[in-house]
Amino acid sequence: MRQTCVNMVYELAKADDRVVFIGSDLSPGLLAGMQEQFPDRWYMEGVSEQNVIGMAAGMALDGAIPYVNTIATFITRRCYEQVAVDLCVHDLPVRLIANGGGLVYAPLGPTHEAIEDIAIMRALPNMTVVAPADAEEMKRFMAVSVDWPHPIYIRLGKGGDRVVTRPEHGFAIGQAYLLREAEGGKSNPVLLVGTGVATTQALQAAEMLAADGIACHVLHMPTVKPLDVAAIEKYARASRLVVTVEEHTVIGGLGSAVTDALVERFDGRVPRIRRIGIPDVFASDYGNQEWLMETFGLHAANIADVVRKAVGSD
Amino acid sequence: MTADSVALARSPKSLPLDERSIWLRRLVVDALVGGERGHVGSSMSPIEILRVLYDDVLRHRPSEPGWSLRDRCILSKGHGCLALYALLADKGYFPTDLLKTFCRKGSILGGHPEHGKVPGVEASTGALGHGLSIGVGMALAARMQKRDSRVFVIMGDGEINEGSVWEAALSAGKHKLSNLVAIIDYNKIQSAGATAHIQELEPLLDKWRAFGFAAEEVDGHDVAKLQKLFARVPLDAGRPTAIVCHTVKGKGLPFAEHDPEWHHKSKVTAELGERLYAALEPR
Ligand SMILES: Cc1ncc(C[n+]2csc(CCOP(=O)(O)OP(=O)(O)O)c2C)c(N)n1
């Protein structure tokens, strides 16, 4: 997903001379082809996140469309005020490509684990937040990213992620996609809502639950902001339970966004909700992403368990 | 990729490593192999700096890491933590056996050092550009509490691209923190390539001097020269000290020296481990 994303920047740059790439201090040789072909639209500026966001803002004020890339924690926490003021107050078309959303960098500890990035980006007016589930979806999203008139935060998974999205869906910013329809008629299913690679876990959980006779819709929300409230309302209305799944703290991410939307739309008659995410802690262990996901209960088996328990207590 | 020619030309041609330096590097390799990953080049360049600090310079008690009168040493370039872990283990802060658990489930030794988890680690680092400000705070705390503790902060050359480093330098200069020592592991390479290409730092000594530091440079692999220079710290009784250490990224591993591709390896196979150990056969 990550390689696909930066390769797409190069492709977009070939078609549109407003497109610029700015990295901080990434791997040697990254987008070397672009550097050679468009030396005045490829920058590697060193370990200086605040500086690169400001630079991107300056370019965008004069008509460029910069794609800025570095590790997710550093492109959010480290330069938050530059993102808020230089990008969001000015409402500029700058794209933030965030490597390692969630627990991808598990062995590297809390400095590298982007557990609250969606929350803090979502809280900024004018910011758009996108977390594709796989490389194919990333490609479709990137193709429509150029002309979006606002800043975009792009959350990347690890790479090599299983392809679960469908080409026939295309991609529109702000739109949710139903990746699995509850089998056996649509009476009273469970609605699983995921974003990013967590959607894949939700799909697997739905499969496990089908074996138990529990039918699930799986709604994928690659755009967390602006949220596709209509889709949530449509599928939640007929469901007996809504479960959100995200590789992110339970504070302020997809679960919060969906809950807010339901509370407002259903005026008190909110369906039952379970939010699955990272509890309010920094990870205290290392190992790998899968291990931490399991520790925090973000894997398919636990999602299925949460659903079974909730449904069992109907 | 191979050695970066600019970094190579700008780095010291130091003496061969002695037995202790090789031993410490083998401890680093134990962790790289145990964790099957790690920042190889970044951990090899600051070994002699840390060795001299922990062997000869710091006032510290491995059996009492919280001793209030100790000198503080912060590895601000936290990704080079294997060098720090090797020294802390060697000094007895924790058993050397633990090095093999690097990055594993249940380990205390993560890919970046965490305060409160690893005995002897003074501050959690890994996000670059934080250590010098924390060091300024510790140096001021020592002054407030009338302790003669000193504070040593080790930074990477890429790390000092961060504006926060220079904000801290302004404060250190303003407060004339003679108990603060900024150390640059100047291996001439950052993540993306040579500092000369990504973000030129020269004239680096002049920059530190302009910010109010007494600054000197030294071959960061020459143990005797490091000992001699650190014995003179503070270089000026009325100013903070900066020591620019000319080092080699990947030092001790001929195939990795000066090569940005060896910054980090996410797959250290058993086979690669053999190569690393073989390069460090005692001579
Ligand atoms: C604030 C921040 N931005 C980016 C990174 C990612 N990163 C880790 S190491 C590194 C390069 C550091 O280079 P340098 O300081 O020269 O250390 P070296 O490994 O060369 O000794 C970068 C950019 C980080 N850890 N923190």
# chains A, B, ... in the order shown; residues from 1 in each chain; ligands from 1
>>> residues_around(residues="stretch 149-164 of chain A", least_positions_apart="4", cutoff="6 Å", atoms="only C-alpha atoms", output="MDAnalysis selection string")
chainID A and resid 1:2 91:101 104 127:131 134
>>> write_last_selection(atoms="N, CA, C and O atoms", output="PDB file, in the first residue's frame")
ATOM      1  N   MET A   1       0.840  -1.205   0.000  1.00  0.00           N
ATOM      2  CA  MET A   1       0.000   0.000   0.000  1.00  0.00           C
ATOM      3  C   MET A   1       0.874   1.254   0.000  1.00  0.00           C
ATOM      4  O   MET A   1       0.603   2.215  -0.705  1.00  0.00           O
ATOM      5  N   ARG A   2       1.972   1.143   0.780  1.00  0.00           N
ATOM      6  CA  ARG A   2       2.845   2.304   0.900  1.00  0.00           C
ATOM      7  C   ARG A   2       3.569   2.578  -0.417  1.00  0.00           C
ATOM      8  O   ARG A   2       3.621   3.724  -0.893  1.00  0.00           O
ATOM      9  N   ASP A  91      -6.901  26.192   4.441  1.00  0.00           N
ATOM     10  CA  ASP A  91      -7.658  25.215   3.642  1.00  0.00           C
ATOM     11  C   ASP A  91      -6.958  24.916   2.314  1.00  0.00           C
ATOM     12  O   ASP A  91      -7.514  25.147   1.230  1.00  0.00           O
ATOM     13  N   LEU A  92      -5.760  24.370   2.414  1.00  0.00           N
ATOM     14  CA  LEU A  92      -4.925  24.161   1.224  1.00  0.00           C
ATOM     15  C   LEU A  92      -4.912  22.699   0.772  1.00  0.00           C
ATOM     16  O   LEU A  92      -4.989  21.788   1.602  1.00  0.00           O
ATOM     17  N   PRO A  93      -4.768  22.480  -0.530  1.00  0.00           N
ATOM     18  CA  PRO A  93      -4.756  21.110  -1.050  1.00  0.00           C
ATOM     19  C   PRO A  93      -3.403  20.419  -0.858  1.00  0.00           C
ATOM     20  O   PRO A  93      -2.710  20.088  -1.819  1.00  0.00           O
ATOM     21  N   VAL A  94      -3.025  20.210   0.391  1.00  0.00           N
ATOM     22  CA  VAL A  94      -1.788  19.483   0.697  1.00  0.00           C
ATOM     23  C   VAL A  94      -2.193  18.081   1.169  1.00  0.00           C
ATOM     24  O   VAL A  94      -3.171  17.937   1.904  1.00  0.00           O
ATOM     25  N   ARG A  95      -1.450  17.060   0.730  1.00  0.00           N
ATOM     26  CA  ARG A  95      -1.777  15.680   1.120  1.00  0.00           C
ATOM     27  C   ARG A  95      -0.698  15.139   2.035  1.00  0.00           C
ATOM     28  O   ARG A  95       0.497  15.223   1.711  1.00  0.00           O
ATOM     29  N   LEU A  96      -1.101  14.594   3.170  1.00  0.00           N
ATOM     30  CA  LEU A  96      -0.158  14.044   4.142  1.00  0.00           C
ATOM     31  C   LEU A  96      -0.183  12.525   4.029  1.00  0.00           C
ATOM     32  O   LEU A  96      -1.209  11.903   4.318  1.00  0.00           O
ATOM     33  N   ILE A  97       0.913  11.941   3.583  1.00  0.00           N
ATOM     34  CA  ILE A  97       0.997  10.483   3.436  1.00  0.00           C
ATOM     35  C   ILE A  97       1.701   9.925   4.665  1.00  0.00           C
ATOM     36  O   ILE A  97       2.894  10.154   4.871  1.00  0.00           O
ATOM     37  N   ALA A  98       0.942   9.212   5.491  1.00  0.00           N
ATOM     38  CA  ALA A  98       1.415   8.810   6.809  1.00  0.00           C
ATOM     39  C   ALA A  98       1.784   7.327   6.832  1.00  0.00           C
ATOM     40  O   ALA A  98       0.910   6.462   6.843  1.00  0.00           O
ATOM     41  N   ASN A  99       3.063   7.031   6.878  1.00  0.00           N
ATOM     42  CA  ASN A  99       3.528   5.638   6.917  1.00  0.00           C
ATOM     43  C   ASN A  99       3.229   5.011   8.278  1.00  0.00           C
ATOM     44  O   ASN A  99       3.525   5.612   9.311  1.00  0.00           O
ATOM     45  N   GLY A 100       2.698   3.813   8.254  1.00  0.00           N
ATOM     46  CA  GLY A 100       2.569   3.079   9.517  1.00  0.00           C
ATOM     47  C   GLY A 100       1.461   3.571  10.408  1.00  0.00           C
ATOM     48  O   GLY A 100       1.685   3.849  11.588  1.00  0.00           O
ATOM     49  N   GLY A 101       0.242   3.683   9.874  1.00  0.00           N
ATOM     50  CA  GLY A 101      -0.899   4.012  10.726  1.00  0.00           C
ATOM     51  C   GLY A 101      -1.156   2.867  11.690  1.00  0.00           C
ATOM     52  O   GLY A 101      -0.984   1.708  11.331  1.00  0.00           O
ATOM     53  N   VAL A 104       1.618  -0.667  13.136  1.00  0.00           N
ATOM     54  CA  VAL A 104       2.561  -1.241  12.170  1.00  0.00           C
ATOM     55  C   VAL A 104       3.972  -1.324  12.761  1.00  0.00           C
ATOM     56  O   VAL A 104       4.665  -2.317  12.626  1.00  0.00           O
ATOM     57  N   MET A 127      -9.985  19.423   7.378  1.00  0.00           N
ATOM     58  CA  MET A 127      -9.175  18.241   7.103  1.00  0.00           C
ATOM     59  C   MET A 127     -10.054  17.070   6.662  1.00  0.00           C
ATOM     60  O   MET A 127     -11.140  16.874   7.200  1.00  0.00           O
ATOM     61  N   THR A 128      -9.560  16.326   5.676  1.00  0.00           N
ATOM     62  CA  THR A 128     -10.202  15.085   5.229  1.00  0.00           C
ATOM     63  C   THR A 128      -9.325  13.924   5.701  1.00  0.00           C
ATOM     64  O   THR A 128      -8.097  14.036   5.663  1.00  0.00           O
ATOM     65  N   VAL A 129      -9.936  12.843   6.158  1.00  0.00           N
ATOM     66  CA  VAL A 129      -9.156  11.713   6.681  1.00  0.00           C
ATOM     67  C   VAL A 129      -9.528  10.436   5.920  1.00  0.00           C
ATOM     68  O   VAL A 129     -10.700  10.050   5.899  1.00  0.00           O
ATOM     69  N   VAL A 130      -8.508   9.838   5.293  1.00  0.00           N
ATOM     70  CA  VAL A 130      -8.745   8.651   4.469  1.00  0.00           C
ATOM     71  C   VAL A 130      -7.819   7.510   4.902  1.00  0.00           C
ATOM     72  O   VAL A 130      -6.620   7.717   5.081  1.00  0.00           O
ATOM     73  N   ALA A 131      -8.391   6.330   5.066  1.00  0.00           N
ATOM     74  CA  ALA A 131      -7.590   5.146   5.430  1.00  0.00           C
ATOM     75  C   ALA A 131      -8.018   3.967   4.553  1.00  0.00           C
ATOM     76  O   ALA A 131      -8.909   3.206   4.925  1.00  0.00           O
ATOM     77  N   ASP A 134      -6.522  -1.499   1.271  1.00  0.00           N
ATOM     78  CA  ASP A 134      -5.529  -2.274   0.526  1.00  0.00           C
ATOM     79  C   ASP A 134      -4.944  -1.433  -0.607  1.00  0.00           C
ATOM     80  O   ASP A 134      -5.383  -0.302  -0.858  1.00  0.00           O
TER      81      ASP A 134
END
>>> interface_residues(of="chain A", to="chain B", cutoff="10 Å", atoms="only C-alpha atoms", output="PyMOL selection string")
chain A and resi 23-30+43-51+73-74+78+105-112+284-288+291-292
>>> write_last_selection(atoms="C-alpha atoms", output="PDB file, in the first residue's frame")
ATOM      1  CA  GLY A  23       9.775  13.718   2.025  1.00  0.00           C
ATOM      2  CA  SER A  24      11.473  14.449   5.331  1.00  0.00           C
ATOM      3  CA  ASP A  25      14.263  11.866   5.687  1.00  0.00           C
ATOM      4  CA  LEU A  26      12.982   8.647   4.098  1.00  0.00           C
ATOM      5  CA  SER A  27      14.684   5.624   2.557  1.00  0.00           C
ATOM      6  CA  PRO A  28      17.569   6.139   0.147  1.00  0.00           C
ATOM      7  CA  GLY A  29      16.441   6.156  -3.464  1.00  0.00           C
ATOM      8  CA  LEU A  30      12.747   6.765  -2.748  1.00  0.00           C
ATOM      9  CA  TYR A  43      12.298  17.248  -2.263  1.00  0.00           C
ATOM     10  CA  MET A  44      13.961  15.388   0.604  1.00  0.00           C
ATOM     11  CA  GLU A  45      14.368  17.975   3.329  1.00  0.00           C
ATOM     12  CA  GLY A  46      15.759  16.128   6.341  1.00  0.00           C
ATOM     13  CA  VAL A  47      14.321  15.455   9.772  1.00  0.00           C
ATOM     14  CA  SER A  48      12.241  18.634   9.979  1.00  0.00           C
ATOM     15  CA  GLU A  49       8.520  17.908   9.925  1.00  0.00           C
ATOM     16  CA  GLN A  50       7.386  21.376  10.954  1.00  0.00           C
ATOM     17  CA  ASN A  51       9.478  22.879   8.209  1.00  0.00           C
ATOM     18  CA  THR A  73       3.374   9.858  14.325  1.00  0.00           C
ATOM     19  CA  PHE A  74       5.776  12.508  13.066  1.00  0.00           C
ATOM     20  CA  ARG A  78       5.316  16.682  15.574  1.00  0.00           C
ATOM     21  CA  TYR A 105       5.757  -0.241  13.983  1.00  0.00           C
ATOM     22  CA  ALA A 106       5.061  -2.473  16.992  1.00  0.00           C
ATOM     23  CA  PRO A 107       8.729  -3.393  17.623  1.00  0.00           C
ATOM     24  CA  LEU A 108       9.652   0.296  17.740  1.00  0.00           C
ATOM     25  CA  GLY A 109       7.401   1.287  20.633  1.00  0.00           C
ATOM     26  CA  PRO A 110       5.066   4.203  21.417  1.00  0.00           C
ATOM     27  CA  THR A 111       7.084   6.913  19.634  1.00  0.00           C
ATOM     28  CA  HIS A 112       6.281   5.186  16.345  1.00  0.00           C
ATOM     29  CA  SER A 284       3.562  -1.609  26.735  1.00  0.00           C
ATOM     30  CA  ASP A 285       4.849  -4.540  24.712  1.00  0.00           C
ATOM     31  CA  TYR A 286       6.783  -5.026  21.468  1.00  0.00           C
ATOM     32  CA  GLY A 287       6.741  -8.120  19.232  1.00  0.00           C
ATOM     33  CA  ASN A 288       4.857  -7.418  16.025  1.00  0.00           C
ATOM     34  CA  TRP A 291       0.626  -9.631  18.368  1.00  0.00           C
ATOM     35  CA  LEU A 292      -0.349  -6.171  19.595  1.00  0.00           C
TER      36      LEU A 292
END
>>> residues_around(residues="stretch 223-238 of chain A", least_positions_apart="5", cutoff="9 Å", atoms="only C-alpha atoms", output="PyMOL selection string")
chain A and resi 118+122+127-132+172-178+186-191+193+195-196+217+253-254+257-258+261-262+265-266+270-271
>>> closest_residue(among="A:Ala143, A:Ile22, A:Ala32, A:Leu192", to="A:Gly170", atoms="only C-alpha atoms")
A:Ala143
>>> closest_residue(among="B:Pro65, B:Gly131, B:Gly252, B:Gly92", to="ligand 1", atoms="only C-alpha atoms and all ligand atoms")
B:Gly131
>>> select_by_dssp(residues="stretch 164-301 of chain A", states="strand (DSSP E)", output="VMD selection string")
chain A and resid 177 to 180 190 to 194 216 to 220 223 to 225 241 to 249 272 to 278
>>> atom_distance(atom1="atom CA of A:Gly297", atom2="atom CA of A:Ala211")
20.4 Å
>>> select_by_dssp(residues="stretch 68-280 of chain A", states="alpha helix (DSSP H)", output="PyMOL selection string")
chain A and resi 72-76+80-81+117-122+135-145+198-211+229-237+254-266
>>> atom_distance(atom1="atom CA of A:Asp16", atom2="atom CA of A:Lys139")
16.3 Å
>>> residues_around(residues="A:Glu294", least_positions_apart="3", cutoff="12 Å", atoms="only C-alpha atoms", output="list in words")
Leu103, Gln201, Glu247, Ile276, Gly277, Ile278, Ala283, Asp285, Gly287, Asn288, Gln289, Glu290, Trp291, Gly297, Leu298, His299, Ala300, Ala301, Asn302 and Ile303 of chain A
>>> write_last_selection(atoms="all heavy atoms", output="short mmCIF file (atom, residue, chain, number, x, y, z; two decimals), in the first residue's frame")
data_model
loop_
_atom_site.label_atom_id
_atom_site.label_comp_id
_atom_site.auth_asym_id
_atom_site.auth_seq_id
_atom_site.Cartn_x
_atom_site.Cartn_y
_atom_site.Cartn_z
N LEU A 103 -0.57 0.18 14.53
CA LEU A 103 0.47 -0.53 15.27
C LEU A 103 1.52 -1.16 14.37
O LEU A 103 2.24 -2.07 14.78
CB LEU A 103 -0.19 -1.62 16.13
CG LEU A 103 -1.22 -1.07 17.13
CD1 LEU A 103 -2.08 -2.20 17.71
CD2 LEU A 103 -0.51 -0.31 18.26
N GLN A 201 -10.22 -7.45 9.09
CA GLN A 201 -10.54 -8.24 10.29
C GLN A 201 -12.05 -8.36 10.45
O GLN A 201 -12.56 -9.42 10.82
CB GLN A 201 -9.94 -7.57 11.54
CG GLN A 201 -8.43 -7.42 11.51
CD GLN A 201 -7.70 -8.75 11.54
OE1 GLN A 201 -8.14 -9.69 12.19
NE2 GLN A 201 -6.59 -8.83 10.82
N GLU A 247 -7.96 0.19 14.09
CA GLU A 247 -6.63 0.03 14.68
C GLU A 247 -6.22 1.41 15.19
O GLU A 247 -5.36 2.08 14.63
CB GLU A 247 -5.68 -0.47 13.59
CG GLU A 247 -4.36 -1.01 14.11
CD GLU A 247 -3.49 -1.51 12.98
OE1 GLU A 247 -4.03 -1.81 11.90
OE2 GLU A 247 -2.26 -1.56 13.16
N ILE A 276 -14.73 -1.37 19.04
CA ILE A 276 -13.50 -2.15 19.23
C ILE A 276 -12.33 -1.31 18.72
O ILE A 276 -12.33 -0.85 17.58
CB ILE A 276 -13.58 -3.49 18.48
CG1 ILE A 276 -14.75 -4.31 19.05
CG2 ILE A 276 -12.27 -4.25 18.59
CD1 ILE A 276 -14.97 -5.64 18.34
N GLY A 277 -11.38 -1.08 19.61
CA GLY A 277 -10.21 -0.29 19.24
C GLY A 277 -9.16 -0.46 20.32
O GLY A 277 -9.27 -1.32 21.20
N ILE A 278 -8.14 0.38 20.26
CA ILE A 278 -7.09 0.31 21.27
C ILE A 278 -7.59 1.03 22.52
O ILE A 278 -8.09 2.15 22.42
CB ILE A 278 -5.80 0.97 20.74
CG1 ILE A 278 -5.34 0.26 19.45
CG2 ILE A 278 -4.70 0.96 21.80
CD1 ILE A 278 -4.24 0.99 18.70
N ALA A 283 0.96 1.25 24.02
CA ALA A 283 1.33 -0.17 24.03
C ALA A 283 2.51 -0.35 24.98
O ALA A 283 3.46 0.43 24.96
CB ALA A 283 1.70 -0.64 22.63
N ASP A 285 4.06 -3.40 25.17
CA ASP A 285 4.85 -4.54 24.71
C ASP A 285 5.34 -4.28 23.28
O ASP A 285 4.93 -3.30 22.64
CB ASP A 285 4.00 -5.82 24.77
CG ASP A 285 4.88 -7.08 24.81
OD1 ASP A 285 6.12 -6.94 24.80
OD2 ASP A 285 4.32 -8.18 24.86
N GLY A 287 7.18 -7.00 20.07
CA GLY A 287 6.74 -8.12 19.23
C GLY A 287 6.43 -7.64 17.84
O GLY A 287 7.27 -7.01 17.20
N ASN A 288 5.22 -7.89 17.36
CA ASN A 288 4.86 -7.42 16.02
C ASN A 288 3.42 -6.92 16.02
O ASN A 288 2.70 -7.04 17.01
CB ASN A 288 5.06 -8.52 14.99
CG ASN A 288 4.32 -9.78 15.37
OD1 ASN A 288 3.16 -9.72 15.82
ND2 ASN A 288 4.97 -10.92 15.25
N GLN A 289 3.03 -6.37 14.89
CA GLN A 289 1.70 -5.76 14.76
C GLN A 289 0.59 -6.76 15.11
O GLN A 289 -0.33 -6.43 15.87
CB GLN A 289 1.53 -5.25 13.33
CG GLN A 289 0.23 -4.54 13.07
CD GLN A 289 0.08 -4.14 11.60
OE1 GLN A 289 0.76 -4.68 10.73
NE2 GLN A 289 -0.78 -3.19 11.32
N GLU A 290 0.69 -7.97 14.55
CA GLU A 290 -0.37 -8.97 14.78
C GLU A 290 -0.51 -9.25 16.28
O GLU A 290 -1.62 -9.36 16.80
CB GLU A 290 -0.06 -10.29 14.06
CG GLU A 290 -0.07 -10.20 12.54
CD GLU A 290 1.08 -9.39 11.95
OE1 GLU A 290 2.19 -9.44 12.52
OE2 GLU A 290 0.88 -8.67 10.96
N TRP A 291 0.63 -9.33 16.94
CA TRP A 291 0.63 -9.63 18.37
C TRP A 291 -0.07 -8.52 19.16
O TRP A 291 -0.91 -8.76 20.02
CB TRP A 291 2.06 -9.85 18.84
CG TRP A 291 2.24 -9.83 20.33
CD1 TRP A 291 2.96 -8.93 21.06
CD2 TRP A 291 1.68 -10.75 21.28
NE1 TRP A 291 2.89 -9.23 22.39
CE2 TRP A 291 2.11 -10.34 22.56
CE3 TRP A 291 0.86 -11.87 21.17
CZ2 TRP A 291 1.74 -11.01 23.73
CZ3 TRP A 291 0.49 -12.53 22.35
CH2 TRP A 291 0.94 -12.10 23.59
N GLY A 297 -7.26 -7.05 21.25
CA GLY A 297 -8.54 -7.61 20.82
C GLY A 297 -9.04 -7.08 19.48
O GLY A 297 -10.24 -7.02 19.24
N LEU A 298 -8.13 -6.69 18.61
CA LEU A 298 -8.55 -6.12 17.32
C LEU A 298 -8.60 -7.18 16.22
O LEU A 298 -8.84 -6.85 15.06
CB LEU A 298 -7.57 -5.01 16.89
CG LEU A 298 -7.30 -3.92 17.91
CD1 LEU A 298 -6.34 -2.89 17.33
CD2 LEU A 298 -8.60 -3.24 18.30
N HIS A 299 -8.36 -8.42 16.56
CA HIS A 299 -8.33 -9.47 15.54
C HIS A 299 -9.72 -10.09 15.37
O HIS A 299 -10.58 -9.98 16.25
CB HIS A 299 -7.30 -10.53 15.91
CG HIS A 299 -7.51 -11.13 17.26
ND1 HIS A 299 -7.66 -10.38 18.40
CD2 HIS A 299 -7.63 -12.42 17.65
CE1 HIS A 299 -7.84 -11.18 19.43
NE2 HIS A 299 -7.84 -12.43 19.00
N ALA A 300 -9.89 -10.76 14.23
CA ALA A 300 -11.20 -11.27 13.84
C ALA A 300 -11.86 -12.12 14.93
O ALA A 300 -13.04 -11.95 15.23
CB ALA A 300 -11.08 -12.06 12.55
N ALA A 301 -11.08 -13.02 15.55
CA ALA A 301 -11.67 -13.92 16.53
C ALA A 301 -12.30 -13.15 17.68
O ALA A 301 -13.39 -13.50 18.17
CB ALA A 301 -10.61 -14.89 17.06
N ASN A 302 -11.64 -12.09 18.13
CA ASN A 302 -12.21 -11.32 19.24
C ASN A 302 -13.42 -10.50 18.79
O ASN A 302 -14.39 -10.35 19.53
CB ASN A 302 -11.16 -10.42 19.88
CG ASN A 302 -11.73 -9.71 21.10
OD1 ASN A 302 -12.15 -10.38 22.05
ND2 ASN A 302 -11.80 -8.39 21.06
N ILE A 303 -13.34 -9.97 17.57
CA ILE A 303 -14.50 -9.21 17.05
C ILE A 303 -15.72 -10.14 17.07
O ILE A 303 -16.81 -9.76 17.53
CB ILE A 303 -14.22 -8.69 15.62
CG1 ILE A 303 -13.03 -7.73 15.64
CG2 ILE A 303 -15.47 -8.02 15.05
CD1 ILE A 303 -12.48 -7.39 14.25
#
>>> closest_residue(among="A:Pro125, A:Gly33, A:Gly194, A:Gly102", to="A:Val218", atoms="only C-alpha atoms")
A:Gly194
>>> atom_distance(atom1="atom CA of B:Arg72", atom2="atom CA of B:Ile154")
11.1 Å
>>> residues_around(residues="A:Gly213", least_positions_apart="3", cutoff="12 Å", atoms="only C-alpha atoms", output="ChimeraX atom specification")
/A:182-184,189-190,206-210,216,304,307-308,311
>>> write_last_selection(atoms="all heavy atoms", output="short mmCIF file (atom, residue, chain, number, x, y, z; two decimals), in the first residue's frame")
data_model
loop_
_atom_site.label_atom_id
_atom_site.label_comp_id
_atom_site.auth_asym_id
_atom_site.auth_seq_id
_atom_site.Cartn_x
_atom_site.Cartn_y
_atom_site.Cartn_z
N ALA A 182 -25.36 -8.99 4.60
CA ALA A 182 -25.81 -10.06 5.49
C ALA A 182 -26.61 -11.10 4.71
O ALA A 182 -27.50 -10.75 3.95
CB ALA A 182 -26.67 -9.46 6.60
N GLU A 183 -26.24 -12.37 4.90
CA GLU A 183 -26.90 -13.42 4.14
C GLU A 183 -28.25 -13.77 4.77
O GLU A 183 -28.55 -13.38 5.90
CB GLU A 183 -26.02 -14.68 4.06
CG GLU A 183 -25.51 -15.21 5.40
CD GLU A 183 -24.37 -14.36 5.97
OE1 GLU A 183 -23.41 -14.08 5.22
OE2 GLU A 183 -24.50 -13.96 7.13
N GLY A 184 -29.05 -14.52 4.01
CA GLY A 184 -30.31 -15.03 4.55
C GLY A 184 -31.31 -13.94 4.85
O GLY A 184 -31.82 -13.84 5.97
N PRO A 189 -29.78 -7.89 10.99
CA PRO A 189 -28.39 -8.35 10.98
C PRO A 189 -27.55 -7.53 11.97
O PRO A 189 -28.04 -6.59 12.59
CB PRO A 189 -27.93 -8.07 9.55
CG PRO A 189 -28.72 -6.87 9.14
CD PRO A 189 -30.05 -6.95 9.86
N VAL A 190 -26.29 -7.92 12.06
CA VAL A 190 -25.32 -7.14 12.81
C VAL A 190 -24.56 -6.29 11.79
O VAL A 190 -24.25 -6.77 10.71
CB VAL A 190 -24.34 -8.06 13.57
CG1 VAL A 190 -23.20 -7.27 14.17
CG2 VAL A 190 -25.09 -8.86 14.62
N ALA A 206 -16.97 -11.61 10.18
CA ALA A 206 -18.31 -11.85 9.61
C ALA A 206 -18.42 -13.28 9.10
O ALA A 206 -19.45 -13.94 9.24
CB ALA A 206 -18.58 -10.85 8.49
N GLU A 207 -17.32 -13.75 8.52
CA GLU A 207 -17.31 -15.13 8.02
C GLU A 207 -17.46 -16.12 9.17
O GLU A 207 -18.23 -17.08 9.10
CB GLU A 207 -15.99 -15.38 7.31
CG GLU A 207 -16.11 -16.08 5.98
CD GLU A 207 -14.93 -15.73 5.10
OE1 GLU A 207 -14.98 -14.67 4.44
OE2 GLU A 207 -13.95 -16.49 5.14
N MET A 208 -16.69 -15.89 10.24
CA MET A 208 -16.79 -16.77 11.41
C MET A 208 -18.21 -16.76 11.98
O MET A 208 -18.74 -17.80 12.37
CB MET A 208 -15.84 -16.29 12.52
CG MET A 208 -14.37 -16.37 12.16
SD MET A 208 -13.39 -15.55 13.46
CE MET A 208 -11.77 -15.72 12.76
N LEU A 209 -18.80 -15.58 12.00
CA LEU A 209 -20.13 -15.45 12.61
C LEU A 209 -21.19 -16.10 11.73
O LEU A 209 -22.18 -16.65 12.25
CB LEU A 209 -20.45 -13.97 12.85
CG LEU A 209 -19.63 -13.35 13.99
CD1 LEU A 209 -19.66 -11.83 13.93
CD2 LEU A 209 -20.15 -13.84 15.35
N ALA A 210 -20.97 -16.06 10.42
CA ALA A 210 -21.93 -16.70 9.51
C ALA A 210 -22.06 -18.18 9.84
O ALA A 210 -23.16 -18.76 9.80
CB ALA A 210 -21.49 -16.50 8.06
N CYS A 216 -24.03 -10.77 9.16
CA CYS A 216 -23.44 -9.43 9.33
C CYS A 216 -23.33 -8.69 8.00
O CYS A 216 -22.93 -9.26 6.99
CB CYS A 216 -22.03 -9.53 9.89
SG CYS A 216 -21.89 -10.33 11.48
N ALA A 304 -15.51 -11.36 16.58
CA ALA A 304 -16.61 -12.33 16.55
C ALA A 304 -17.12 -12.61 17.98
O ALA A 304 -18.33 -12.67 18.22
CB ALA A 304 -16.16 -13.61 15.88
N VAL A 307 -19.26 -9.80 19.26
CA VAL A 307 -20.59 -9.86 18.64
C VAL A 307 -21.42 -10.97 19.29
O VAL A 307 -22.58 -10.75 19.67
CB VAL A 307 -20.48 -10.08 17.12
CG1 VAL A 307 -21.85 -10.36 16.51
CG2 VAL A 307 -19.83 -8.87 16.46
N ARG A 308 -20.84 -12.15 19.44
CA ARG A 308 -21.59 -13.27 20.02
C ARG A 308 -22.12 -12.92 21.41
O ARG A 308 -23.27 -13.16 21.73
CB ARG A 308 -20.69 -14.51 20.14
CG ARG A 308 -20.54 -15.26 18.84
CD ARG A 308 -19.78 -16.57 19.08
NE ARG A 308 -19.10 -16.96 17.87
CZ ARG A 308 -17.80 -16.83 17.66
NH1 ARG A 308 -17.01 -16.35 18.61
NH2 ARG A 308 -17.28 -17.19 16.51
N VAL A 311 -24.88 -10.29 21.13
CA VAL A 311 -26.10 -10.87 20.55
C VAL A 311 -26.74 -11.84 21.54
O VAL A 311 -27.96 -11.90 21.69
CB VAL A 311 -25.77 -11.56 19.20
CG1 VAL A 311 -26.94 -12.41 18.75
CG2 VAL A 311 -25.44 -10.52 18.16
#
